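A.B. asks: Shown below is the structure under consideration.
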Amino acid sequence: MTTYEILLLLDPEQAEAHQEELVARLRALVEGSGGTWRSHDAWGRRRLTYEIAKKSEGVYHLVVFESDPATLDEIVRVLKIDDAVLRQLATKHIEGSRTSAPPQDAAPTPTPAPAPVPAAVVPAVEYAEAPEANVRSDEEE
């Protein structure tokens with residue numbers, strides 16, 4: 001059996017009961033096929049970087065379980081046909097890793113502006129005086 005994790009992005013307009021029902025259905029699929037349910041971590045409502053289906057927020061859930069590949073295929077099929085699922089990503093879980101929710105107010109820390117560099121003093125260039133070079137005579141026309 002292989003350990004998988006699925007990150008779900010659910011529609012925030014759907015009832016919370018429907019979201020819990022979906023997670024319970026996933027658990028029933030895993031345990032019904034002889035797999036092991038490891039964990040379910042509800043990350044909650046988060047603002048999206050870009051809109052998906054005209055929604056600016058989504059509800060995140062992370063589920064970790066052990067199953068065979070056929071069960072994973074069935075779970076992905078079920079998630080694709082449910083209208084509450086905006087996005088889903090199934091990957092193999094790396095043993096020993098701990099996936100946790102990013103902090104809610106994870107604003108990028110501004111990098112300090114570099115100190116201004118003094119402008120180099122450029123010596124003035126002196127040009128040789130050639131009055132005839134820049135003067136146009138009437139004879140050249």
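Numbering starts fresh at 1 for the residues of each chain in the structure tokens, the chains themselves are lettered A, B, ... in the order given, and ligands are numbered from 1 as they appear.
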Got a sec: who's within 10 Å of A:Asp11, counting only C-alpha atoms, leaving out chain neighbours fewer than 4 positions off, as an MDAnalysis selection string?

C.D. replies: chainID A and resid 15:16 19 45 52:53 55:60 83:87

A.B. asks: Print the selection's residues with N, CA and C atoms to a file, as a PDB file, in the first residue's frame.

C.D. replies:
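So the final result, stored in selection.pdb, reads:
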ATOM      1  N   ALA A  15     -22.559  24.297   1.782  1.00  0.00           N
ATOM      2  CA  ALA A  15     -22.801  24.123   3.214  1.00  0.00           C
ATOM      3  C   ALA A  15     -21.657  23.342   3.851  1.00  0.00           C
ATOM      4  N   GLU A  16     -21.346  23.693   5.077  1.00  0.00           N
ATOM      5  CA  GLU A  16     -20.277  23.010   5.790  1.00  0.00           C
ATOM      6  C   GLU A  16     -20.613  21.527   5.963  1.00  0.00           C
ATOM      7  N   GLN A  19     -19.419  19.687   2.963  1.00  0.00           N
ATOM      8  CA  GLN A  19     -17.970  19.514   2.980  1.00  0.00           C
ATOM      9  C   GLN A  19     -17.578  18.343   3.882  1.00  0.00           C
ATOM     10  N   ARG A  45     -11.010  28.510   5.677  1.00  0.00           N
ATOM     11  CA  ARG A  45     -11.253  29.431   4.560  1.00  0.00           C
ATOM     12  C   ARG A  45     -10.025  30.317   4.355  1.00  0.00           C
ATOM     13  N   ILE A  52     -11.138  31.446  -8.944  1.00  0.00           N
ATOM     14  CA  ILE A  52     -11.453  30.168  -9.573  1.00  0.00           C
ATOM     15  C   ILE A  52     -12.969  30.075  -9.597  1.00  0.00           C
ATOM     16  N   ALA A  53     -13.537  29.944 -10.766  1.00  0.00           N
ATOM     17  CA  ALA A  53     -14.991  29.872 -10.936  1.00  0.00           C
ATOM     18  C   ALA A  53     -15.674  31.083 -10.287  1.00  0.00           C
ATOM     19  N   LYS A  55     -14.810  32.778  -7.760  1.00  0.00           N
ATOM     20  CA  LYS A  55     -14.747  32.742  -6.295  1.00  0.00           C
ATOM     21  C   LYS A  55     -13.379  33.265  -5.868  1.00  0.00           C
ATOM     22  N   SER A  56     -13.362  34.162  -4.899  1.00  0.00           N
ATOM     23  CA  SER A  56     -12.092  34.726  -4.434  1.00  0.00           C
ATOM     24  C   SER A  56     -11.596  34.052  -3.159  1.00  0.00           C
ATOM     25  N   GLU A  57     -12.382  33.129  -2.600  1.00  0.00           N
ATOM     26  CA  GLU A  57     -11.971  32.387  -1.405  1.00  0.00           C
ATOM     27  C   GLU A  57     -12.262  30.914  -1.621  1.00  0.00           C
ATOM     28  N   GLY A  58     -11.606  30.084  -0.816  1.00  0.00           N
ATOM     29  CA  GLY A  58     -11.833  28.648  -0.864  1.00  0.00           C
ATOM     30  C   GLY A  58     -11.619  28.048   0.507  1.00  0.00           C
ATOM     31  N   VAL A  59     -12.141  26.856   0.713  1.00  0.00           N
ATOM     32  CA  VAL A  59     -11.971  26.134   1.971  1.00  0.00           C
ATOM     33  C   VAL A  59     -11.031  24.962   1.696  1.00  0.00           C
ATOM     34  N   TYR A  60      -9.932  24.900   2.438  1.00  0.00           N
ATOM     35  CA  TYR A  60      -8.901  23.894   2.217  1.00  0.00           C
ATOM     36  C   TYR A  60      -9.036  22.747   3.219  1.00  0.00           C
ATOM     37  N   ASP A  83     -19.535  19.030  -7.488  1.00  0.00           N
ATOM     38  CA  ASP A  83     -19.509  20.462  -7.788  1.00  0.00           C
ATOM     39  C   ASP A  83     -18.887  21.290  -6.677  1.00  0.00           C
ATOM     40  N   ALA A  84     -18.793  20.762  -5.486  1.00  0.00           N
ATOM     41  CA  ALA A  84     -18.219  21.520  -4.368  1.00  0.00           C
ATOM     42  C   ALA A  84     -16.699  21.602  -4.453  1.00  0.00           C
ATOM     43  N   VAL A  85     -16.071  20.738  -5.238  1.00  0.00           N
ATOM     44  CA  VAL A  85     -14.609  20.694  -5.341  1.00  0.00           C
ATOM     45  C   VAL A  85     -14.164  21.643  -6.437  1.00  0.00           C
ATOM     46  N   LEU A  86     -13.461  22.710  -6.040  1.00  0.00           N
ATOM     47  CA  LEU A  86     -12.904  23.641  -7.024  1.00  0.00           C
ATOM     48  C   LEU A  86     -11.624  23.080  -7.620  1.00  0.00           C
ATOM     49  N   ARG A  87     -10.745  22.550  -6.779  1.00  0.00           N
ATOM     50  CA  ARG A  87      -9.488  21.944  -7.210  1.00  0.00           C
ATOM     51  C   ARG A  87      -9.139  20.827  -6.232  1.00  0.00           C
TER      52      ARG A  87
END

A.B. asks: What's around A:Val76 at 9 Å? Count only C-alpha atoms, leave out sequence neighbours fewer than 4 positions away in its own chain, and write the answer as a short mmCIF file (atom, residue, chain, number, x, y, z; two decimals) with C-alpha atoms, in the first residue's frame.

C.D. replies:
data_model
loop_
_atom_site.label_atom_id
_atom_site.label_comp_id
_atom_site.auth_asym_id
_atom_site.auth_seq_id
_atom_site.Cartn_x
_atom_site.Cartn_y
_atom_site.Cartn_z
CA THR A 71 -8.71 3.32 -4.67
CA LEU A 72 -6.90 6.56 -5.39
CA LYS A 80 -13.99 15.39 -10.20
CA ILE A 81 -17.75 14.95 -10.41
CA GLN A 88 -7.84 18.80 -5.86
CA LEU A 89 -4.25 17.58 -5.89
CA ALA A 90 -3.31 14.00 -5.02
#

A.B. asks: Which residue, A:Lys54, A:Ala42, A:Gly34, A:Glu21, has the smallest gap to A:Ile6 when you use only C-alpha atoms?

C.D. replies: A:Ala42

A.B. asks: Quick one: residues within 12 Å of A:Ala70, only C-alpha atoms, excluding same-chain residues fewer than 3 positions away - as a list in words?

C.D. replies: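 Contacts, with the query itself left out: Met1, Thr2, Leu29, Val30, Ser33, Gly34, Gly35, Glu66, Ser67, Asp73, Glu74, Ile75, Val76 and Arg77 of chain A.
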
A.B. asks: Go ahead and save the picked residues with N, CA, C and O atoms, as a short mmCIF file (atom, residue, chain, number, x, y, z; two decimals), in the first residue's frame.

C.D. replies:
data_model
loop_
_atom_site.label_atom_id
_atom_site.label_comp_id
_atom_site.auth_asym_id
_atom_site.auth_seq_id
_atom_site.Cartn_x
_atom_site.Cartn_y
_atom_site.Cartn_z
N MET A 1 0.84 -1.18 0.00
CA MET A 1 0.00 0.00 0.00
C MET A 1 0.88 1.25 0.00
O MET A 1 1.94 1.25 0.60
N THR A 2 0.40 2.26 -0.65
CA THR A 2 1.12 3.52 -0.77
C THR A 2 0.40 4.58 0.05
O THR A 2 -0.83 4.58 0.13
N LEU A 29 -14.49 5.38 1.37
CA LEU A 29 -13.87 4.74 0.21
C LEU A 29 -12.52 4.12 0.58
O LEU A 29 -12.20 3.00 0.16
N VAL A 30 -11.72 4.85 1.37
CA VAL A 30 -10.40 4.34 1.76
C VAL A 30 -10.54 3.12 2.65
O VAL A 30 -9.93 2.07 2.39
N SER A 33 -11.97 -0.14 1.02
CA SER A 33 -11.09 -0.88 0.12
C SER A 33 -9.91 -1.51 0.85
O SER A 33 -8.99 -2.01 0.22
N GLY A 34 -9.92 -1.45 2.18
CA GLY A 34 -8.84 -2.05 2.96
C GLY A 34 -7.69 -1.11 3.26
O GLY A 34 -6.65 -1.53 3.75
N GLY A 35 -7.87 0.16 2.98
CA GLY A 35 -6.82 1.14 3.25
C GLY A 35 -6.89 1.66 4.68
O GLY A 35 -7.75 1.25 5.47
N GLU A 66 -3.54 5.66 3.45
CA GLU A 66 -2.83 4.59 2.75
C GLU A 66 -3.86 3.79 1.97
O GLU A 66 -4.91 3.44 2.51
N SER A 67 -3.54 3.52 0.71
CA SER A 67 -4.44 2.71 -0.10
C SER A 67 -3.70 2.20 -1.32
O SER A 67 -2.53 2.53 -1.53
N ASP A 73 -7.61 6.17 -7.69
CA ASP A 73 -8.31 6.51 -8.94
C ASP A 73 -9.80 6.74 -8.70
O ASP A 73 -10.39 7.67 -9.26
N GLU A 74 -10.41 5.91 -7.87
CA GLU A 74 -11.82 6.06 -7.57
C GLU A 74 -12.08 7.35 -6.79
O GLU A 74 -13.06 8.07 -7.05
N ILE A 75 -11.20 7.69 -5.85
CA ILE A 75 -11.35 8.92 -5.08
C ILE A 75 -11.25 10.14 -6.00
O ILE A 75 -12.06 11.06 -5.90
N VAL A 76 -10.29 10.13 -6.89
CA VAL A 76 -10.11 11.25 -7.82
C VAL A 76 -11.34 11.37 -8.72
O VAL A 76 -11.81 12.48 -9.00
N ARG A 77 -11.90 10.25 -9.15
CA ARG A 77 -13.10 10.27 -9.99
C ARG A 77 -14.27 10.90 -9.23
O ARG A 77 -14.98 11.75 -9.76
#

A.B. asks: Quick one: pull the distance between atom CA of A:Glu5 and atom CA of A:Glu95, Å, one decimal.

C.D. replies: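 Going from atom CA of A:Glu5 over to atom CA of A:Glu95 covers 11.1 Å.
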
A.B. asks: How many Å lie between atom CA of A:Leu48 and atom CA of A:Thr99, rounded to one decimal?

C.D. replies: 19.1 Å

A.B. asks: Which one of A:Ala17, A:Leu22, A:Val64, A:Leu79 sits closest to A:Arg38 if you count only C-alpha atoms?

C.D. replies: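 Of the candidates, the smallest distance to A:Arg38 is held by A:Val64.
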
A.B. asks: Find, counting only C-alpha atoms, the residue in A:Trp43, A:Phe65, A:Tyr4, A:Tyr50 that gets nearest to A:Ala28.

C.D. replies: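 Going through A:Trp43, A:Phe65, A:Tyr4, A:Tyr50 one by one, the smallest distance to A:Ala28 is for A:Phe65.
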
A.B. asks: Out of A:Val78, A:Ile94, A:Leu26, A:Leu62, which residue has the shortest atom-to-atom distance to A:Leu8 when counting only C-alpha atoms?

C.D. replies: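 Of all the options, A:Leu62 lies closest to A:Leu8.
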
A.B. asks: For a quick check of understanding, using only C-alpha atoms, which of A:Glu13, A:Val63, A:Asp41, A:Glu20 has the smallest distance to A:His93?

C.D. replies: A:Val63
